[in-house]
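A quick write-up on the structure given underneath.
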Amino acid sequence: MTSFPSSLSPILEQADRTLDAALERLFAFLRIPSISTQPEHADDCRQAALWLRDQLDELGFDVTLHATPGHPILVAHDRTPPAGPHVLFYGHYDVQPVDPLNLWDSGPFEPKLVTGADGATHIVARGASDDKGQVMTFIEAIRAIRATTGTLPVRISLLIEGEEECGGPSLVPFMETHREELCADVGLICDTAMLPGVPAITTTLRGMLGEEIHLRCASRDLHSGIYGNAARNPAELLCSVLASIRDAKTGRVVLPGFYAGVEDPAPALRARWRDIAPDNAAFLGEVGLSTPAGEQGYTAIEQTWCRPSFEINGISSGYTGEGFKTVLPGEAVAKVSFRLVAGQDPVRIRQAFCAHVRAMLPDDCTVTFTPCGGSVACTVPDDAFGLQPALRALGAEWNTPAVTIGCGGSIPVAGDMQRILGMSALLVGFALDDDRAHSPNEKYDLTSFHKGIRSWVRILHAMARTDD
């Protein structure tokens, strides 16, 4: 049986007893189709924000819905905050589109419990894992604490937005404007994953730079029999340009200055990561691969957690429908992204990329670039406020030592908290890599939801110990 301080026993028992009611509330939240990227769901996004407002108002918070050029941002503060540390919890209520709908086994906004092939119970719905289920672990922890003790162990504020899945254009200006109100001792973000059966706090996040590149040669699509060989083919040219960004032998990106400021993690951290994932084939096997394709000298985990990369996300040109059409395209388009690590400047890398492409263009070819966002990488030091108590609290709940991990993805708000609010953010998530976030049949394990609630109870009480 899980051991815990006797003072937490009633709270954890309350969380256990009320799990069914917590699930009902989560299901009500999941039924709201708050797809931020689709204008027809703007009212649904507002409904999700209002639903959260009502939940937090009931739990003793002063809640304000702030209008933005996009979807509302919710800020909540405890009406009767205790003395001591102040934490700011961040999450988002918006979700990804559901396409392709025909690949869902049930309605995306009709949440249900499903028993998986492994015997585990899954909560299946769009947003179950990213990020409504994770947000609700924190809110339900507050509910269990409030119901049992009437007060919270630390001062808690919440910042919940509705544009994370569409680039979050309103969040940074909002944080800059409300800096004084939002500043706290530490940020808490529940939008990441744990390892199977092993709790984790993500301490390194890669930044990102996105770009759309549009090449045009001829003024229109051409008959390949009449013009082929004589007319420049933008699809062929685009493939050559993109292939030249990465060295085929070493896997390194060749842009001048790309690795300036990039440092390897400390040997002790690299050793911990290799203990977590010692087998490249096992890491890649879930997706049908076995051999790392990035920089030589780094494991698959290191290539995704601590090394920068260049990726081609999509290419479009010519005729791609059914059948065959002998066309020579007049234009070609690609969407590319760079994942960045600490020390890299997205602005300088964008400039180097655009210069590299322009230098490779022959006569009769033009290029246009469309920036698709950018964010810097984020690293949390080992001595960050609350990190060690949070690791111990997670270990106590899951009966195994918690670990610090990296994440190859990007969560810009973590870096924004450091840059704008001057505080570190602890990324504590209970999702699993197979949760199918952004894909059909998205799920969140019932165990993740239940023990996520219990974990936050422990973490919040651990945060109250300012001597740690």
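Residues are named by chain letter and number: chains run A, B, ... in the order of the structure tokens, numbers start at 1 in each chain, and ligands are numbered from 1 in the order shown.
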Considering only C-alpha atoms, return as an mmCIF file with N, CA and C atoms, in the first residue's frame whatever protein or nucleic-acid residues lie within 8 Å of range 253-257 of chain A, sequence-local ones (same chain, fewer than 2 positions apart) excluded.
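Written output follows (selection_36.cif):
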```cif
data_model
loop_
_atom_site.group_PDB
_atom_site.id
_atom_site.type_symbol
_atom_site.label_atom_id
_atom_site.label_comp_id
_atom_site.auth_asym_id
_atom_site.auth_seq_id
_atom_site.Cartn_x
_atom_site.Cartn_y
_atom_site.Cartn_z
ATOM 1 N N SER A 244 19.837 19.546 -48.825
ATOM 2 C CA SER A 244 21.160 20.111 -48.570
ATOM 3 C C SER A 244 21.300 20.681 -47.161
ATOM 4 N N ILE A 245 20.203 20.792 -46.416
ATOM 5 C CA ILE A 245 20.259 21.401 -45.090
ATOM 6 C C ILE A 245 20.975 20.483 -44.091
ATOM 7 N N ARG A 246 20.871 19.185 -44.284
ATOM 8 C CA ARG A 246 21.454 18.231 -43.338
ATOM 9 C C ARG A 246 22.534 17.407 -44.045
ATOM 10 N N ASP A 247 23.673 17.236 -43.390
ATOM 11 C CA ASP A 247 24.745 16.413 -43.942
ATOM 12 C C ASP A 247 24.331 14.944 -43.896
ATOM 13 N N GLY A 251 24.600 13.639 -40.171
ATOM 14 C CA GLY A 251 23.299 14.012 -39.630
ATOM 15 C C GLY A 251 23.234 15.429 -39.107
ATOM 16 N N TYR A 259 25.074 25.646 -34.690
ATOM 17 C CA TYR A 259 25.395 25.033 -33.400
ATOM 18 C C TYR A 259 26.078 26.004 -32.435
ATOM 19 N N ALA A 260 26.147 27.284 -32.792
ATOM 20 C CA ALA A 260 26.749 28.263 -31.894
ATOM 21 C C ALA A 260 25.960 28.323 -30.590
ATOM 22 N N SER A 309 17.428 20.052 -34.366
ATOM 23 C CA SER A 309 17.156 19.274 -35.576
ATOM 24 C C SER A 309 16.504 20.136 -36.645
ATOM 25 N N PHE A 310 16.501 19.609 -37.848
ATOM 26 C CA PHE A 310 15.766 20.182 -38.975
ATOM 27 C C PHE A 310 14.859 19.098 -39.530
ATOM 28 N N ILE A 349 18.711 31.833 -36.780
ATOM 29 C CA ILE A 349 18.607 30.597 -37.554
ATOM 30 C C ILE A 349 17.659 30.781 -38.728
ATOM 31 N N ALA A 352 19.661 32.518 -41.358
ATOM 32 C CA ALA A 352 20.627 31.622 -41.997
ATOM 33 C C ALA A 352 19.931 30.671 -42.967
ATOM 34 N N PHE A 353 18.747 30.189 -42.589
ATOM 35 C CA PHE A 353 18.003 29.286 -43.459
ATOM 36 C C PHE A 353 17.583 30.000 -44.747
ATOM 37 N N HIS A 356 20.523 30.557 -46.993
ATOM 38 C CA HIS A 356 20.966 29.308 -47.624
ATOM 39 C C HIS A 356 20.078 28.958 -48.822
#
```
**Prompt:** If you count only C-alpha atoms, which residues fall within 12 Å of Pro100 in chain A, apart from same-chain ones fewer than 6 positions away, as a list in words?
**Reply:**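 My reading of the contact set: Gly107, Pro108, His438, Ser439, Pro440 and Asn441 of chain A.
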Save out the residues we just selected, C-alpha atoms, as a compact mmCIF listing (two decimals), in the first residue's frame.
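As written to disk, part-v2.txt reads:
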```
# COMPACT_ATOMS: atom_id res chain seq x y z
CA GLY A 107 -17.64 10.31 -31.12
CA PRO A 108 -14.65 12.56 -30.32
CA HIS A 438 -3.73 15.21 -31.72
CA SER A 439 -4.80 11.89 -33.31
CA PRO A 440 -8.03 9.89 -33.55
CA ASN A 441 -9.02 7.93 -30.43
```
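The list of residues with at least one atom within 12 Å of Phe369 in chain A, based on only C-alpha atoms and without residues fewer than 2 positions apart in the same chain, reads Gly210, Glu211, Glu212, Ile213, His214, Leu215, Arg216, Val333, Ala334, Lys335, Val336, Arg350, Gln351, Phe353, Cys354, Ala355, Val357, Arg358, Thr366, Val367, Pro371 and Cys372 of chain A.
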- Task: Have a look at A:Asp191, A:Asp57, A:Glu110, A:Asp105 and name the one nearest to Leu26 in chain A; count only C-alpha atoms.
- Result: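 Nearest to Leu26 in chain A: A:Glu110.
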task: Write out as number ranges by chain all residues of range 128-204 of chain A that backbone DSSP assigns to strand (DSSP E).
output: A: 155-161, 186-189, 200-204
- Message: Would you pick out the contacts of His86 in chain A at 6 Å or less, using only C-alpha atoms, so that residues sharing its chain but fewer than 4 positions from it are not included, and give the list as a list of chain:residue names?
- Response: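 What passes the distance filter is A:Arg155, A:Ile156, A:Ala184, A:Asp185.
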Nearby residues (only C-alpha atoms) at most 9 Å from range 196-200 of chain A, same-chain spacing under 2 positions excluded, as an MDAnalysis selection string:
chainID A and resid 193:194 202 391 394:395 397:405 427:430 432:433
Grab the residues selected above and save them as an mmCIF file, in the first residue's frame with C-alpha atoms.
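Writing the result to out-v8.cif gives the following:
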```
data_model
loop_
_atom_site.group_PDB
_atom_site.id
_atom_site.type_symbol
_atom_site.label_atom_id
_atom_site.label_comp_id
_atom_site.auth_asym_id
_atom_site.auth_seq_id
_atom_site.Cartn_x
_atom_site.Cartn_y
_atom_site.Cartn_z
ATOM 1 C CA ALA A 193 4.088 12.958 -20.242
ATOM 2 C CA MET A 194 5.502 10.503 -17.731
ATOM 3 C CA THR A 202 10.341 17.505 -17.701
ATOM 4 C CA LEU A 391 10.187 14.782 -7.207
ATOM 5 C CA LEU A 394 5.774 12.008 -6.966
ATOM 6 C CA GLY A 395 8.011 9.170 -5.866
ATOM 7 C CA GLU A 397 2.684 8.457 -4.728
ATOM 8 C CA TRP A 398 3.930 6.132 -7.474
ATOM 9 C CA ASN A 399 6.109 3.965 -5.223
ATOM 10 C CA THR A 400 9.151 4.480 -7.430
ATOM 11 C CA PRO A 401 11.726 7.279 -7.653
ATOM 12 C CA ALA A 402 10.625 10.117 -9.896
ATOM 13 C CA VAL A 403 13.011 11.181 -12.655
ATOM 14 C CA THR A 404 13.783 14.328 -14.603
ATOM 15 C CA ILE A 405 13.441 13.915 -18.348
ATOM 16 C CA LEU A 427 6.392 20.445 -16.145
ATOM 17 C CA VAL A 428 4.581 17.672 -14.294
ATOM 18 C CA GLY A 429 2.456 15.538 -16.603
ATOM 19 C CA PHE A 430 0.731 12.193 -16.372
ATOM 20 C CA LEU A 432 1.704 8.544 -21.809
ATOM 21 C CA ASP A 433 3.410 8.469 -25.189
#
```
Original post:
Where in range 25-190 of chain A does DSSP assign helix (DSSP H, G or I), given as a ChimeraX atom specification?
Top reply: /A:25-30,39-58,101-103,132-149,164-166,171-177,179-182
**Q.** For Leu12 in chain A, the nearest of the candidates A:Ala147, A:Leu328, A:Met208, A:Leu103, counting only C-alpha atoms
**A.**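 Of A:Ala147, A:Leu328, A:Met208, A:Leu103, the one nearest Leu12 in chain A, counting only C-alpha atoms, is A:Ala147.
Once Leu30 in chain A and its same-chain neighbours fewer than 4 positions away are set aside, Leu26, Phe109, Pro111, Ala125, Gly127, Ala128 and Lys132 of chain A remain within 7 Å of it when counting only C-alpha atoms.
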